[in-house]
Amino acid sequence: MRYTYTSLLLFFAGCCLSAQICFEGQVLDAISGEPLIGASILQLESNQGTVADLYGRFKLCATVEERENYTLEIKYTGYSGKRIILDRTSVDSFLTIELEAGVMLEDLLIVAYQEPLIKQDESTRGDIVTSSEIRQLPTRNVNALKGTGAGVASGDNGRGLNIRGSRSNASYYIIDGVRISGDPGRNEQYNEIKENAFTSSATESTSTFSADVDRASYANVRRFINQGQIPPADAVRVEEIVNYFHYSDTPPPTNTDHPLTARSELTSCPWDSSHQLLRIGLRAQGLQPGRKLASNYVFLVDVSGSMGSIDKLPLVVQSLKLLSQHLGSNDRVSIVTYAGATKVVLAGANGDSTQTIIDALDELHPGGGTAGAAGIELAYKLATENFIQSGNNRVILATDGDFNVGLSSQQELVKMIEQKRDMGIFLTILGYGQGNYQEGTMQELADRGNGNHAYIDSPREAKKVLIDELGGTLHTIAKDVKFQLEFDPKLVKGYRLVGYENRLLANQDFEDDTKDAGEVGAGHVVTVLYEIVPGAAPKRRQNLAELRIRYKMPDSNRSRLLTWDINAQAQSWGQTSHDTRWAAAVAEFGMLLRDSPHKGTADWSHCLQIARAAVGRDWQGYRTEMIGLIEKSMAIK
């Protein structure tokens, strides 16, 4: 018995000498502040480790002996490693760890290694290009970088790449820690844009088009530019780039019968001094505190083989986790996946079952074909089964847009979506990744599904779309919103609608309630620009045009009409608001990217100049970010 007591005493004493210590923090680039995804964190005393997530965050719990100090070792490819010594009192604090780029790799002596002549099932290869090698390249763009790899050559047209023995998207390159797959844009599909031309007011004084609240084009354009490449012209939708930013137009009062209001400004046109620029800002009511509609969401997730890269399915899961943390007990969530087949992962869970939803998302893994049409059908079936009367019922499709199994044609998919939208279930499409991005298909489906389309290239963009702009993205406040302007031919010789090429309507469609148009979400601002060829000088209080807007309430099929007069008195460029000058700078940015025939005297230096002067109130730094994109575009060009 004495020996038993002694053994127990020694056992408990041993337990007291060790404990579980948790370390939590974030790993960032020391200069840019960007998260270092996949950085390794090792607790040396226990030899236990973890890696940083898409935000650069980590939490490492290690079982280690009680001691005065603990050591963490942080490493990331292409960066100088760091060791941090923490005393017992600082273990529980949140650590912000900054690593500096540029590390001398130690020489490695390979004693013996035999590589098989043929590696079965391997269809990818990788190359690492350092920043110093990039600086020495005569042309610093993605194609030039990839051309440095063995077996890779630029195509005859200077844009594509010929990769020996490989699919076009089967190679990847790590550039300062960032993985680049294939040739961005090579297998991507964009619907053709034929820019609006000038219309003579004497011939046609009325202009009619549908509202557009999609903002996907800007995030996609940003992706190309950040990879050192000017985007394809048809990837640049000027109205989506303009509408990406926040504008300070005043919303309608809460006690009004109409959820929409509009204002206008007229000033000189910065890219043609003989013309004028008209900005119209349509603002929707925001979500009222305590009046959020109960939501029935079906997350339809593409888990096909093409979604395997880190900028696709892992980012999808991260995005939907963010949204899940902002749901309540009145909400319902279902999860459907599709690859070679469809699967119901979660059906009608309560919105406050956050951990259940997160656990289900963590089970998603890529593999198989892409039976997108079957997935959409199953998602609508679940949305119908969990329908919330007078609630917000929506399918949220997350995909790279590669529908290559089942109803593969865009027309068949559109027809199926149109048959479903009258049920009161709307569609939001979130695009991810590169290489297979099918922008035309996704935009068409979202438009026909009474929904919207966003492109998500980072956790920051996911937060903007699904959290910061939740109402605008997922809560429709007015549907089938149409614009119509009737210009005074005496005061306006001609006009050109900037952007909205795929939203044009016949004038008779304005009063036709059977014609589909765009949806506007809670808090949205729709910004419209017209380039005006002025006619006779206006008299005091004379109107340039009448603005008419038709819309339907979400649960109604009958439209309502709003009208405003647009004053003909123009303000000088310096007197007009920051918002109007910023919208003009963004439009000029888009026209330069497209090499538009209507860009007039615009060039990159001029665009940069007016953008810098028009930043104004910069919500979360997005305007400053675009100035950086202008500077990068100048360097690429």
# chains A, B, ... in the order shown; residues from 1 in each chain; ligands from 1
>>> residues_around(residues="Arg594 in chain A", least_positions_apart="6", cutoff="8 Å", atoms="only C-alpha atoms", output="number ranges by chain")
A: 232-234, 236
>>> residues_around(residues="Gly305 in chain A", least_positions_apart="6", cutoff="6 Å", atoms="only C-alpha atoms", output="PyMOL selection string")
chain A and resi 366-368
>>> write_last_selection(atoms="C-alpha atoms", output="CSV table (one decimal), in the first residue's frame")
chain,number,residue,atom,x,y,z
A,366,PRO,CA,-12.7,19.2,-53.7
A,367,GLY,CA,-12.9,16.4,-56.3
A,368,GLY,CA,-14.8,15.3,-59.4
>>> closest_residue(among="A:Thr261, A:Asn393, A:Ser319, A:Ser334", to="Ser458 in chain A", atoms="only C-alpha atoms")
A:Ser319
>>> closest_residue(among="A:Thr563, A:Thr514, A:Gln620, A:Thr89", to="Glu461 in chain A", atoms="only C-alpha atoms")
A:Gln620
>>> residues_around(residues="Glu546 in chain A", least_positions_apart="4", cutoff="7 Å", atoms="only C-alpha atoms", output="PyMOL selection string")
chain A and resi 485-487+564-566
>>> write_last_selection(atoms="all heavy atoms", output="short mmCIF file (atom, residue, chain, number, x, y, z; two decimals), in the first residue's frame")
data_model
loop_
_atom_site.label_atom_id
_atom_site.label_comp_id
_atom_site.auth_asym_id
_atom_site.auth_seq_id
_atom_site.Cartn_x
_atom_site.Cartn_y
_atom_site.Cartn_z
N LEU A 485 -34.17 58.59 -68.68
CA LEU A 485 -33.90 60.02 -68.76
C LEU A 485 -34.41 60.56 -70.08
O LEU A 485 -34.13 59.99 -71.14
CB LEU A 485 -32.40 60.31 -68.65
CG LEU A 485 -31.86 60.51 -67.23
CD1 LEU A 485 -31.65 59.18 -66.55
CD2 LEU A 485 -30.57 61.32 -67.27
N GLU A 486 -35.15 61.64 -70.01
CA GLU A 486 -35.60 62.33 -71.22
C GLU A 486 -34.94 63.70 -71.25
O GLU A 486 -35.22 64.57 -70.43
CB GLU A 486 -37.12 62.46 -71.26
CG GLU A 486 -37.61 63.06 -72.58
CD GLU A 486 -39.11 63.04 -72.72
OE1 GLU A 486 -39.79 62.49 -71.83
OE2 GLU A 486 -39.61 63.58 -73.74
N PHE A 487 -34.00 63.88 -72.19
CA PHE A 487 -33.20 65.10 -72.30
C PHE A 487 -33.94 66.16 -73.11
O PHE A 487 -34.75 65.84 -73.99
CB PHE A 487 -31.85 64.81 -72.96
CG PHE A 487 -30.95 63.94 -72.15
CD1 PHE A 487 -30.88 62.58 -72.37
CD2 PHE A 487 -30.17 64.49 -71.14
CE1 PHE A 487 -30.03 61.77 -71.61
CE2 PHE A 487 -29.33 63.69 -70.38
CZ PHE A 487 -29.26 62.33 -70.62
N TRP A 564 -37.80 63.05 -60.99
CA TRP A 564 -37.01 64.20 -60.53
C TRP A 564 -36.64 65.07 -61.74
O TRP A 564 -36.41 64.55 -62.84
CB TRP A 564 -35.71 63.76 -59.84
CG TRP A 564 -35.87 63.06 -58.54
CD1 TRP A 564 -35.90 63.61 -57.30
CD2 TRP A 564 -36.01 61.65 -58.34
NE1 TRP A 564 -36.04 62.64 -56.34
CE2 TRP A 564 -36.13 61.43 -56.94
CE3 TRP A 564 -36.07 60.54 -59.20
CZ2 TRP A 564 -36.27 60.16 -56.40
CZ3 TRP A 564 -36.22 59.28 -58.65
CH2 TRP A 564 -36.32 59.10 -57.27
N ASP A 565 -36.53 66.36 -61.52
CA ASP A 565 -36.00 67.27 -62.54
C ASP A 565 -34.49 67.41 -62.34
O ASP A 565 -34.01 67.51 -61.20
CB ASP A 565 -36.65 68.64 -62.43
CG ASP A 565 -38.12 68.62 -62.86
OD1 ASP A 565 -38.45 67.81 -63.73
OD2 ASP A 565 -38.91 69.41 -62.29
N ILE A 566 -33.75 67.43 -63.44
CA ILE A 566 -32.30 67.60 -63.39
C ILE A 566 -31.98 69.00 -63.89
O ILE A 566 -32.22 69.34 -65.06
CB ILE A 566 -31.59 66.54 -64.24
CG1 ILE A 566 -31.84 65.16 -63.64
CG2 ILE A 566 -30.09 66.83 -64.32
CD1 ILE A 566 -31.21 64.03 -64.41
#
>>> select_by_dssp(residues="range 354-590 of chain A", states="alpha helix (DSSP H)", output="PyMOL selection string")
chain A and resi 354-362+372-385+410-421+439-448+459-463+470-474+578-590
>>> residues_around(residues="Gly25 in chain A", least_positions_apart="2", cutoff="7 Å", atoms="only C-alpha atoms", output="list in words")
Phe23, Val27, Arg57, Phe58, Lys59, Phe94, Leu95 and Thr96 of chain A
>>> write_last_selection(atoms="all heavy atoms", output="mmCIF file, in the first residue's frame")
data_model
loop_
_atom_site.group_PDB
_atom_site.id
_atom_site.type_symbol
_atom_site.label_atom_id
_atom_site.label_comp_id
_atom_site.auth_asym_id
_atom_site.auth_seq_id
_atom_site.Cartn_x
_atom_site.Cartn_y
_atom_site.Cartn_z
ATOM 1 N N PHE A 23 -0.976 29.690 -27.405
ATOM 2 C CA PHE A 23 -0.403 30.887 -28.002
ATOM 3 C C PHE A 23 -1.299 31.292 -29.174
ATOM 4 O O PHE A 23 -1.688 30.455 -29.994
ATOM 5 C CB PHE A 23 1.014 30.617 -28.514
ATOM 6 C CG PHE A 23 1.927 30.022 -27.482
ATOM 7 C CD1 PHE A 23 1.990 28.653 -27.293
ATOM 8 C CD2 PHE A 23 2.724 30.841 -26.690
ATOM 9 C CE1 PHE A 23 2.839 28.096 -26.350
ATOM 10 C CE2 PHE A 23 3.569 30.294 -25.734
ATOM 11 C CZ PHE A 23 3.626 28.918 -25.555
ATOM 12 N N VAL A 27 0.454 36.526 -38.160
ATOM 13 C CA VAL A 27 1.744 36.694 -38.835
ATOM 14 C C VAL A 27 1.535 37.589 -40.049
ATOM 15 O O VAL A 27 0.696 37.298 -40.914
ATOM 16 C CB VAL A 27 2.338 35.341 -39.258
ATOM 17 C CG1 VAL A 27 3.728 35.532 -39.828
ATOM 18 C CG2 VAL A 27 2.370 34.385 -38.076
ATOM 19 N N ARG A 57 -3.738 34.306 -39.139
ATOM 20 C CA ARG A 57 -3.959 34.056 -37.712
ATOM 21 C C ARG A 57 -3.633 32.602 -37.351
ATOM 22 O O ARG A 57 -3.737 31.703 -38.190
ATOM 23 C CB ARG A 57 -5.408 34.370 -37.322
ATOM 24 C CG ARG A 57 -5.751 35.850 -37.391
ATOM 25 C CD ARG A 57 -7.223 36.087 -37.092
ATOM 26 N NE ARG A 57 -7.562 37.498 -37.065
ATOM 27 C CZ ARG A 57 -7.569 38.266 -35.982
ATOM 28 N NH1 ARG A 57 -7.251 37.735 -34.818
ATOM 29 N NH2 ARG A 57 -7.874 39.544 -36.044
ATOM 30 N N PHE A 58 -3.302 32.409 -36.092
ATOM 31 C CA PHE A 58 -3.033 31.051 -35.611
ATOM 32 C C PHE A 58 -3.396 30.948 -34.138
ATOM 33 O O PHE A 58 -3.462 31.950 -33.412
ATOM 34 C CB PHE A 58 -1.552 30.707 -35.788
ATOM 35 C CG PHE A 58 -0.622 31.494 -34.897
ATOM 36 C CD1 PHE A 58 -0.279 31.054 -33.613
ATOM 37 C CD2 PHE A 58 -0.095 32.704 -35.326
ATOM 38 C CE1 PHE A 58 0.557 31.791 -32.791
ATOM 39 C CE2 PHE A 58 0.736 33.455 -34.510
ATOM 40 C CZ PHE A 58 1.068 32.996 -33.233
ATOM 41 N N LYS A 59 -3.667 29.739 -33.713
ATOM 42 C CA LYS A 59 -3.806 29.413 -32.292
ATOM 43 C C LYS A 59 -3.146 28.069 -32.075
ATOM 44 O O LYS A 59 -3.551 27.070 -32.677
ATOM 45 C CB LYS A 59 -5.272 29.378 -31.865
ATOM 46 C CG LYS A 59 -5.427 29.147 -30.358
ATOM 47 C CD LYS A 59 -6.882 29.267 -29.914
ATOM 48 C CE LYS A 59 -6.979 29.091 -28.396
ATOM 49 N NZ LYS A 59 -8.393 29.224 -27.921
ATOM 50 N N PHE A 94 -2.289 38.525 -27.195
ATOM 51 C CA PHE A 94 -2.369 38.303 -28.636
ATOM 52 C C PHE A 94 -1.083 38.808 -29.289
ATOM 53 O O PHE A 94 -0.685 39.957 -29.091
ATOM 54 C CB PHE A 94 -3.587 39.027 -29.216
ATOM 55 C CG PHE A 94 -3.836 38.711 -30.664
ATOM 56 C CD1 PHE A 94 -4.597 37.622 -31.024
ATOM 57 C CD2 PHE A 94 -3.306 39.518 -31.666
ATOM 58 C CE1 PHE A 94 -4.846 37.332 -32.367
ATOM 59 C CE2 PHE A 94 -3.532 39.232 -33.004
ATOM 60 C CZ PHE A 94 -4.301 38.132 -33.352
ATOM 61 N N LEU A 95 -0.447 37.966 -30.076
ATOM 62 C CA LEU A 95 0.854 38.280 -30.653
ATOM 63 C C LEU A 95 0.703 38.782 -32.091
ATOM 64 O O LEU A 95 0.033 38.135 -32.903
ATOM 65 C CB LEU A 95 1.744 37.039 -30.653
ATOM 66 C CG LEU A 95 1.931 36.332 -29.309
ATOM 67 C CD1 LEU A 95 2.676 35.029 -29.505
ATOM 68 C CD2 LEU A 95 2.685 37.234 -28.345
ATOM 69 N N THR A 96 1.292 39.908 -32.393
ATOM 70 C CA THR A 96 1.391 40.377 -33.772
ATOM 71 C C THR A 96 2.841 40.205 -34.204
ATOM 72 O O THR A 96 3.736 40.886 -33.693
ATOM 73 C CB THR A 96 0.960 41.845 -33.899
ATOM 74 O OG1 THR A 96 -0.416 41.970 -33.486
ATOM 75 C CG2 THR A 96 1.080 42.313 -35.333
#
